[in-house]
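Here's the structure, in structure tokens; my notes come after.
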Amino acid sequence: MGAAYLGGMDAGDGGPAPAAGPAAAAGAAPGRTGSPEGRRPVTVPAVRLRKRRAGHQPLVVVTAYDTPGARIADAGGVDVILVGDSLANNVLGYEDTLQVTIEVMAHHTAAVARARPSALVVADMPWLSYHLGAEDAVRNAATLVRAGAQAVKLEGGTSRVPAIEAIVGAEIPVMGHLGLTPQSVLAMGGYRVQARDADAAASLRDAAQAIAGAGCFSLVLEGVPDVVAAAVTDAVDVPTIGIGAGPACDGQVLVYHDLLGLAHGPRPKFVRQYADLEAVAVEAVAAYAADVRSGTFPSDAESYHAAPEVAERLGAAPPGGSRTPVR
Ligand code: KIV
């Protein structure tokens with residue numbers, strides 16, 4: 001999730017390491033067509049098998065919230081694009097994820113799906129879209145599927161088992177999310193690393209087994225000690241995907257804006273920033289502003305032209321002399 005809401009977590013290091021290469025989608029399966037990158041589409045059953053202990057490469061997951069973001073993520077070779085409800089913090093300017101609705105998530109899921117990525121598209125079920133009963137949860141999950149999601153993600157442990165079973169029962173794959181669950185920010189009293197003591201760690205492991213047993217095909221572990229993430233990863237047969245959960249998970253997820261340097265606020269220690277796109281963008285906009293103010297933009301070549309009689313008829317002097325008409 002975004003630095004915006006994890007600013008309260010331990011700040012610290014996070015030195016460089018090799019980036020995952022493109023087309024890391026070992027285990028991808030045929031099926032969908034039309035990927036702009038020509039990769040084989042990644043499916044839920046293929047992701048479900050991606051345990052590192054079975055010899056698979058770590059899963060690479062990144063968030064995206066719109067069509068260009070999804071194109072970039074897919075071209076970078078990620079396995080899974082998560083339309084996270086961190087949309088709220090990273091794109092919509094909210095303080096927390098509690099502000100986004102199912103309609104907003106569907107709108108952005110559709111934008112991501114229009115990129116037709118080879119990566120699996122998973123959409124977050126927002127707060128209150130799966131808390132009011134199984135029927136409501138299934139209906140909301142279906143809204144995301146009809147918008148273009150191939151699976152949904154929801155937060156929480158044992159208390160979410162009925163919702164997970166109902167959604168999976170409707171043939172919609174579910175990714176779980178445990179540990180620091182941002183939709184519980186009020187109940188947690190802030191964004192804090194979870195499961196630091198032995199009891200909480202054991203409960204987290206039990207919760208992971210419960211939601212995996214309910215049918216989750218994978219689960220995100222956010223903001224938990226590395227040793228706890230390792231134990232949970234050992235305890236379940238589905239892949240764990242870590243964010244602030246150390247290296248033992250079966251995969252890793254980063255927020256697009258954190259990875260590319262587009263996020264605001266303090267950077268949590270688990271974020272590795274691979275580019276500073278904000279600086280590049282600010283420099284580009286400043287150069288444009290300077291060119292407009294100095295009169296060097298637009299140039300003759302960047303302008304459309306009309307025959308000299310048009311200027312004559314209008315009584316206007318042709319800027320910069322006579323020009324060839326351009327359609
Ligand atoms: O919304 C989000 O970005 C997430 C993460 C797991 C990164 O849920």
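Within each chain, counting starts at residue 1; across the structure tokens, chains are named A, B, ... in the order shown, with ligands numbered 1 upward in that order.
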
May I have the residues within 8 Å of ligand 1, computed using only C-alpha atoms and all ligand atoms, as a PDB file with C-alpha atoms, in the first residue's frame?
```
ATOM      1  CA  MET A   1       0.000   0.000   0.000  1.00  0.00           C
ATOM      2  CA  GLY A   2       1.083   3.549  -0.488  1.00  0.00           C
ATOM      3  CA  VAL A  62       2.370  -4.247  -8.599  1.00  0.00           C
ATOM      4  CA  THR A  63      -0.634  -1.997  -8.229  1.00  0.00           C
ATOM      5  CA  LEU A  82      -3.558  -5.297  -8.354  1.00  0.00           C
ATOM      6  CA  VAL A  83      -6.144  -2.558  -8.685  1.00  0.00           C
ATOM      7  CA  GLY A  84      -5.633  -1.705  -5.032  1.00  0.00           C
ATOM      8  CA  ASP A  85      -7.947   0.403  -2.940  1.00  0.00           C
ATOM      9  CA  SER A  86      -4.729   2.330  -2.229  1.00  0.00           C
ATOM     10  CA  LEU A  87      -6.151   4.161  -5.238  1.00  0.00           C
ATOM     11  CA  THR A  97      -8.737   3.657   1.891  1.00  0.00           C
ATOM     12  CA  ASP A 124      -9.605  -4.855  -4.285  1.00  0.00           C
ATOM     13  CA  LYS A 153      -8.912  -9.299  -2.959  1.00  0.00           C
ATOM     14  CA  HIS A 177      -4.924  -9.983   2.821  1.00  0.00           C
ATOM     15  CA  THR A 181      -4.978  -4.395   6.809  1.00  0.00           C
ATOM     16  CA  PRO A 182      -5.461  -0.715   5.940  1.00  0.00           C
ATOM     17  CA  VAL A 220      -1.066 -10.785   0.815  1.00  0.00           C
ATOM     18  CA  LEU A 221       0.918 -10.407   4.029  1.00  0.00           C
ATOM     19  CA  GLU A 222       1.394  -6.745   4.836  1.00  0.00           C
ATOM     20  CA  GLY A 242       4.575  -9.810   0.927  1.00  0.00           C
ATOM     21  CA  ILE A 243       4.664  -6.067   1.362  1.00  0.00           C
ATOM     22  CA  VAL A 253       3.936  -6.494  -4.125  1.00  0.00           C
ATOM     23  CA  LEU A 254       4.768  -2.812  -4.352  1.00  0.00           C
ATOM     24  CA  VAL A 255       2.562   0.175  -4.950  1.00  0.00           C
TER      25      VAL A 255
END
```

Contact residues around A:Ala207 with only C-alpha atoms at 8 Å, ignoring same-chain residues under 2 positions, as a list in words: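 Result of the neighbour search: Gly157, Thr158, Leu178, Ser203, Leu204, Arg205, Gln209, Ala210 and Ile211 of chain A.
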
Can you spit out the residues from that selection as a tab-separated table (two decimals), in the first residue's frame, using N, CA and C atoms?
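Printed below is part_39.tsv as written:
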```
chain	number	residue	atom	x	y	z
A	157	GLY	N	-9.24	-11.98	8.45
A	157	GLY	CA	-8.96	-13.38	8.76
A	157	GLY	C	-10.21	-14.23	8.91
A	158	THR	N	-10.28	-14.90	10.06
A	158	THR	CA	-11.32	-15.91	10.27
A	158	THR	C	-12.73	-15.35	10.09
A	178	LEU	N	-3.77	-10.23	4.95
A	178	LEU	CA	-3.65	-10.31	6.41
A	178	LEU	C	-2.50	-9.43	6.90
A	203	SER	N	-1.95	-16.32	15.95
A	203	SER	CA	-3.30	-16.04	15.42
A	203	SER	C	-3.24	-15.74	13.94
A	204	LEU	N	-2.20	-15.01	13.55
A	204	LEU	CA	-2.07	-14.67	12.12
A	204	LEU	C	-1.89	-15.94	11.29
A	205	ARG	N	-1.07	-16.84	11.81
A	205	ARG	CA	-0.85	-18.10	11.07
A	205	ARG	C	-2.16	-18.90	10.98
A	209	GLN	N	-4.30	-19.96	7.60
A	209	GLN	CA	-4.76	-21.32	7.27
A	209	GLN	C	-6.28	-21.34	7.06
A	210	ALA	N	-6.99	-20.52	7.84
A	210	ALA	CA	-8.46	-20.49	7.72
A	210	ALA	C	-8.87	-19.92	6.36
A	211	ILE	N	-8.25	-18.82	5.93
A	211	ILE	CA	-8.71	-18.22	4.66
A	211	ILE	C	-8.20	-19.03	3.46
```

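For the atom pair formed by atom CA of A:Ala208 and atom CA of A:Leu180, the distance is 13.2 Å, given to one decimal.
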
Could you give me, as JSON lines, every stretch 213-321 of chain A residue with an atom at most 7 Å from stretch 45-60 of chain A, plus its closest atom pair and distance in Å to one decimal, counting only C-alpha atoms, rows ordered by chain then number?
```
{"residue": "A:Phe217", "atom": "CA", "partner": "A:Arg48", "partner_atom": "CA", "distance": 5.1}
{"residue": "A:Ser218", "atom": "CA", "partner": "A:Arg48", "partner_atom": "CA", "distance": 6.2}
{"residue": "A:Val238", "atom": "CA", "partner": "A:Arg48", "partner_atom": "CA", "distance": 5.8}
{"residue": "A:Pro239", "atom": "CA", "partner": "A:Lys51", "partner_atom": "CA", "distance": 5.2}
{"residue": "A:Asp250", "atom": "CA", "partner": "A:Pro58", "partner_atom": "CA", "distance": 5.2}
{"residue": "A:Gly251", "atom": "CA", "partner": "A:Leu59", "partner_atom": "CA", "distance": 4.0}
{"residue": "A:Gln252", "atom": "CA", "partner": "A:Val60", "partner_atom": "CA", "distance": 5.6}
{"residue": "A:Val253", "atom": "CA", "partner": "A:Val60", "partner_atom": "CA", "distance": 6.4}
```

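What separates atom CA of A:Val193 from atom CA of A:Val227 is a distance of 12.9 Å.
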
Sel. of strand (DSSP E or B) residues, stretch 45-287 of chain A, as a count of residues only: 37

For A:Leu132: contacts at 12 Å, only C-alpha atoms, fewer than 6 positions along chain excluded, given as a VMD selection string: chain A and resid 138 to 140 159 to 160 162 to 163

Can you spit out the residues from that selection as a PDB file, in the first residue's frame, using C-alpha atoms?
```pdb
ATOM      1  CA  VAL A 138     -20.908 -11.888  -4.013  1.00  0.00           C
ATOM      2  CA  ARG A 139     -22.822  -9.125  -5.793  1.00  0.00           C
ATOM      3  CA  ASN A 140     -19.995  -6.647  -5.220  1.00  0.00           C
ATOM      4  CA  SER A 159     -14.298 -13.532  10.375  1.00  0.00           C
ATOM      5  CA  ARG A 160     -14.112 -13.232   6.578  1.00  0.00           C
ATOM      6  CA  PRO A 162     -18.132 -16.889   5.117  1.00  0.00           C
ATOM      7  CA  ALA A 163     -17.648 -14.063   2.599  1.00  0.00           C
TER       8      ALA A 163
END
```

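Take atom CA of A:Val112 and atom CA of A:Ala64: the distance between them is 7.0 Å.
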
Selection: 8 Å around A:Leu154, only C-alpha atoms, excl. self and same-chain fewer than 5 positions, as a ChimeraX atom specification: /A:124-126,130,174-177

Distance criterion (only C-alpha atoms): nearest to A:Ile102 out of A:Gln273, A:Thr240, A:Gln183, A:Ser129: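 So, comparing all the options, the nearest one is A:Ser129.
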